[in-house]
Amino acid sequence: MVQSRQGVHNEIANELLPTSATQGSPEIIQTRQPSYTYNVEFEADGQINGFTDGLKAMKLAVFKILSTERYRYPIYSWNYGIELEDLFGQPIPYVYAELQRRITEALEADDRIISVTGFEFSHDDGDVFAAFDVETIFGTLENITKGVSV
């Protein structure tokens with residue numbers, strides 16, 4: 001007996017397509033990436049001194065995120081870094097509000113960072129400074145500072 005073309009298509013479709021929403025659905029497993037990284041001594045001489053993990057690694061991650069201009073480097077995803085260049089020339093009260101929002105947004109893109117709180121602002125001539133705390137899954141980084149020239 002010869003099957004019709006429609007019958008052949010139906011058989012193929014039945015074999016390839018699941019018949020219910022749960023049949024054939026892959027199990028999705030989310031894993032957190034490790035924080036184990038090179039121990040870069042940014043505060044001293046910028047040299048790599050072995051490896052680090054935990055809270056010290058998070059301090060390096062925060063420094064790196066806040067030192068990378070978002071969208072500038074194609075090696076990083078568009079979710080990495082912070083937008084600061086367009087704050088140049090803006091009024092200081094505007095910069096205070098935007099700096100808080102942008103720092104929070106940039107850091108909370110990292111799933112190891114829980115919250116960014118305790119912002120305090122100051123300015124000196126053409127520079128604005130923000131001091132804040134970063135709560136991570138490893139503990140709290142206190143009195144992190146970021147400055148921007150306006």
# chains A, B, ... in the order shown; residues from 1 in each chain; ligands from 1
>>> select_by_dssp(residues="chain A", states="strand (DSSP E or B)", output="PyMOL selection string")
chain A and resi 37-40+48-52+69+82+113-124+127-136+139-149
>>> write_last_selection(atoms="N, CA and C atoms", output="compact mmCIF listing (two decimals), in the first residue's frame")
# COMPACT_ATOMS: atom_id res chain seq x y z
N THR A 37 40.10 33.56 40.78
CA THR A 37 40.70 34.37 39.72
C THR A 37 42.12 34.78 40.09
N TYR A 38 42.78 35.45 39.17
CA TYR A 38 44.11 35.97 39.45
C TYR A 38 44.03 37.07 40.51
N ASN A 39 45.01 37.10 41.40
CA ASN A 39 45.08 38.12 42.44
C ASN A 39 45.90 39.30 41.90
N VAL A 40 45.19 40.28 41.36
CA VAL A 40 45.85 41.46 40.80
C VAL A 40 45.92 42.52 41.89
N ILE A 48 50.31 40.70 39.18
CA ILE A 48 49.55 39.50 39.54
C ILE A 48 50.35 38.75 40.58
N ASN A 49 49.69 38.45 41.69
CA ASN A 49 50.35 37.78 42.80
C ASN A 49 49.56 36.52 43.17
N GLY A 50 49.66 35.48 42.35
CA GLY A 50 48.97 34.23 42.63
C GLY A 50 47.49 34.29 42.26
N PHE A 51 46.69 33.59 43.07
CA PHE A 51 45.26 33.50 42.83
C PHE A 51 44.49 33.90 44.08
N THR A 52 43.21 34.20 43.92
CA THR A 52 42.37 34.55 45.06
C THR A 52 40.95 34.09 44.80
N GLU A 69 34.53 50.89 30.66
CA GLU A 69 33.45 51.66 30.03
C GLU A 69 32.57 50.70 29.22
N ILE A 82 30.42 49.99 33.02
CA ILE A 82 29.61 51.12 33.48
C ILE A 82 29.72 52.25 32.46
N ILE A 113 26.58 39.61 43.31
CA ILE A 113 26.34 40.85 44.06
C ILE A 113 24.87 40.94 44.41
N ILE A 114 24.60 41.09 45.70
CA ILE A 114 23.23 41.12 46.21
C ILE A 114 22.67 42.53 46.16
N SER A 115 23.43 43.51 46.68
CA SER A 115 22.95 44.89 46.68
C SER A 115 24.11 45.87 46.79
N VAL A 116 23.81 47.11 46.43
CA VAL A 116 24.77 48.21 46.53
C VAL A 116 24.06 49.30 47.32
N THR A 117 24.60 49.67 48.49
CA THR A 117 23.89 50.58 49.40
C THR A 117 24.85 51.60 50.01
N GLY A 118 24.25 52.51 50.79
CA GLY A 118 25.03 53.45 51.60
C GLY A 118 25.80 54.48 50.81
N PHE A 119 25.22 54.98 49.75
CA PHE A 119 25.93 55.95 48.91
C PHE A 119 26.15 57.27 49.64
N GLU A 120 27.37 57.79 49.52
CA GLU A 120 27.71 59.12 49.99
C GLU A 120 28.51 59.80 48.89
N PHE A 121 28.16 61.06 48.60
CA PHE A 121 28.77 61.77 47.49
C PHE A 121 29.54 62.99 47.97
N SER A 122 30.56 63.34 47.22
CA SER A 122 31.31 64.57 47.45
C SER A 122 31.85 65.03 46.10
N HIS A 123 32.28 66.28 46.05
CA HIS A 123 32.91 66.75 44.83
C HIS A 123 34.03 67.73 45.17
N ASP A 124 34.99 67.78 44.28
CA ASP A 124 36.16 68.63 44.43
C ASP A 124 36.51 69.15 43.04
N ASP A 127 35.65 67.03 39.89
CA ASP A 127 35.55 65.59 40.14
C ASP A 127 34.43 65.30 41.13
N VAL A 128 33.67 64.24 40.85
CA VAL A 128 32.61 63.77 41.75
C VAL A 128 33.03 62.41 42.27
N PHE A 129 32.86 62.18 43.57
CA PHE A 129 33.24 60.92 44.19
C PHE A 129 32.04 60.29 44.86
N ALA A 130 31.92 58.98 44.72
CA ALA A 130 30.86 58.22 45.38
C ALA A 130 31.53 57.16 46.25
N ALA A 131 31.06 57.03 47.48
CA ALA A 131 31.50 55.96 48.37
C ALA A 131 30.27 55.12 48.69
N PHE A 132 30.41 53.81 48.72
CA PHE A 132 29.26 52.93 48.90
C PHE A 132 29.71 51.57 49.39
N ASP A 133 28.75 50.75 49.80
CA ASP A 133 29.01 49.38 50.25
C ASP A 133 28.42 48.42 49.24
N VAL A 134 29.08 47.28 49.07
CA VAL A 134 28.61 46.26 48.13
C VAL A 134 28.42 44.96 48.92
N GLU A 135 27.19 44.49 48.97
CA GLU A 135 26.89 43.22 49.65
C GLU A 135 26.95 42.10 48.61
N THR A 136 27.83 41.13 48.87
CA THR A 136 28.00 40.00 47.95
C THR A 136 27.62 38.70 48.65
N GLY A 139 30.15 38.17 51.47
CA GLY A 139 30.27 39.15 52.54
C GLY A 139 30.11 40.56 51.98
N THR A 140 30.41 41.55 52.80
CA THR A 140 30.21 42.94 52.40
C THR A 140 31.54 43.65 52.18
N LEU A 141 31.63 44.33 51.06
CA LEU A 141 32.77 45.21 50.77
C LEU A 141 32.37 46.60 51.19
N GLU A 142 33.07 47.18 52.13
CA GLU A 142 32.69 48.47 52.68
C GLU A 142 33.55 49.60 52.12
N ASN A 143 32.92 50.76 51.97
CA ASN A 143 33.58 51.99 51.58
C ASN A 143 34.35 51.87 50.25
N ILE A 144 33.69 51.30 49.27
CA ILE A 144 34.24 51.28 47.92
C ILE A 144 34.06 52.68 47.34
N THR A 145 35.04 53.20 46.65
CA THR A 145 34.93 54.56 46.10
C THR A 145 35.09 54.52 44.58
N LYS A 146 34.39 55.43 43.93
CA LYS A 146 34.52 55.61 42.48
C LYS A 146 34.44 57.09 42.20
N GLY A 147 35.37 57.60 41.43
CA GLY A 147 35.38 59.00 41.06
C GLY A 147 35.18 59.17 39.57
N VAL A 148 34.61 60.30 39.20
CA VAL A 148 34.40 60.61 37.79
C VAL A 148 34.63 62.10 37.58
N SER A 149 35.29 62.43 36.49
CA SER A 149 35.53 63.85 36.16
C SER A 149 34.34 64.40 35.42
>>> select_by_dssp(residues="region 20-135 of chain A", states="helix (DSSP H, G or I)", output="number ranges by chain")
A: 54-67, 85-87, 92-108
>>> write_last_selection(atoms="C-alpha atoms", output="short mmCIF file (atom, residue, chain, number, x, y, z; two decimals), in the first residue's frame")
data_model
loop_
_atom_site.label_atom_id
_atom_site.label_comp_id
_atom_site.auth_asym_id
_atom_site.auth_seq_id
_atom_site.Cartn_x
_atom_site.Cartn_y
_atom_site.Cartn_z
CA GLY A 54 35.79 34.79 47.78
CA LEU A 55 35.53 38.36 49.03
CA LYS A 56 38.95 39.42 47.71
CA ALA A 57 37.99 38.17 44.25
CA MET A 58 34.74 40.14 44.48
CA LYS A 59 36.70 43.30 45.31
CA LEU A 60 38.69 42.76 42.12
CA ALA A 61 35.49 42.11 40.15
CA VAL A 62 33.93 45.36 41.44
CA PHE A 63 37.09 47.29 40.56
CA LYS A 64 37.18 45.78 37.06
CA ILE A 65 33.47 46.40 36.38
CA LEU A 66 33.72 50.03 37.50
CA SER A 67 36.91 50.57 35.47
CA GLU A 85 31.81 59.14 29.64
CA ASP A 86 28.55 60.98 28.95
CA LEU A 87 28.52 62.45 32.49
CA ILE A 92 26.81 67.95 39.70
CA PRO A 93 23.33 67.16 41.16
CA TYR A 94 22.52 65.24 37.97
CA VAL A 95 25.83 63.36 38.19
CA TYR A 96 25.10 62.35 41.82
CA ALA A 97 21.79 60.76 40.86
CA GLU A 98 23.05 59.15 37.67
CA LEU A 99 26.25 57.87 39.25
CA GLN A 100 24.30 56.05 41.96
CA ARG A 101 21.94 54.48 39.42
CA ARG A 102 24.72 53.50 37.04
CA ILE A 103 26.99 52.02 39.71
CA THR A 104 24.10 49.98 41.10
CA GLU A 105 23.04 48.78 37.65
CA ALA A 106 26.58 47.85 36.61
CA LEU A 107 27.37 45.91 39.77
CA GLU A 108 24.03 44.13 40.17
#
>>> closest_residue(among="A:Glu83, A:Ala109, A:Phe42, A:Asp53", to="Phe138 (chain A)", atoms="only C-alpha atoms")
A:Asp53
>>> closest_residue(among="A:Glu27, A:Gln47, A:Ser35, A:Gly126", to="Phe88 (chain A)", atoms="only C-alpha atoms")
A:Gly126
>>> atom_distance(atom1="CA of Pro91 (chain A)", atom2="CA of Val150 (chain A)")
8.0 Å
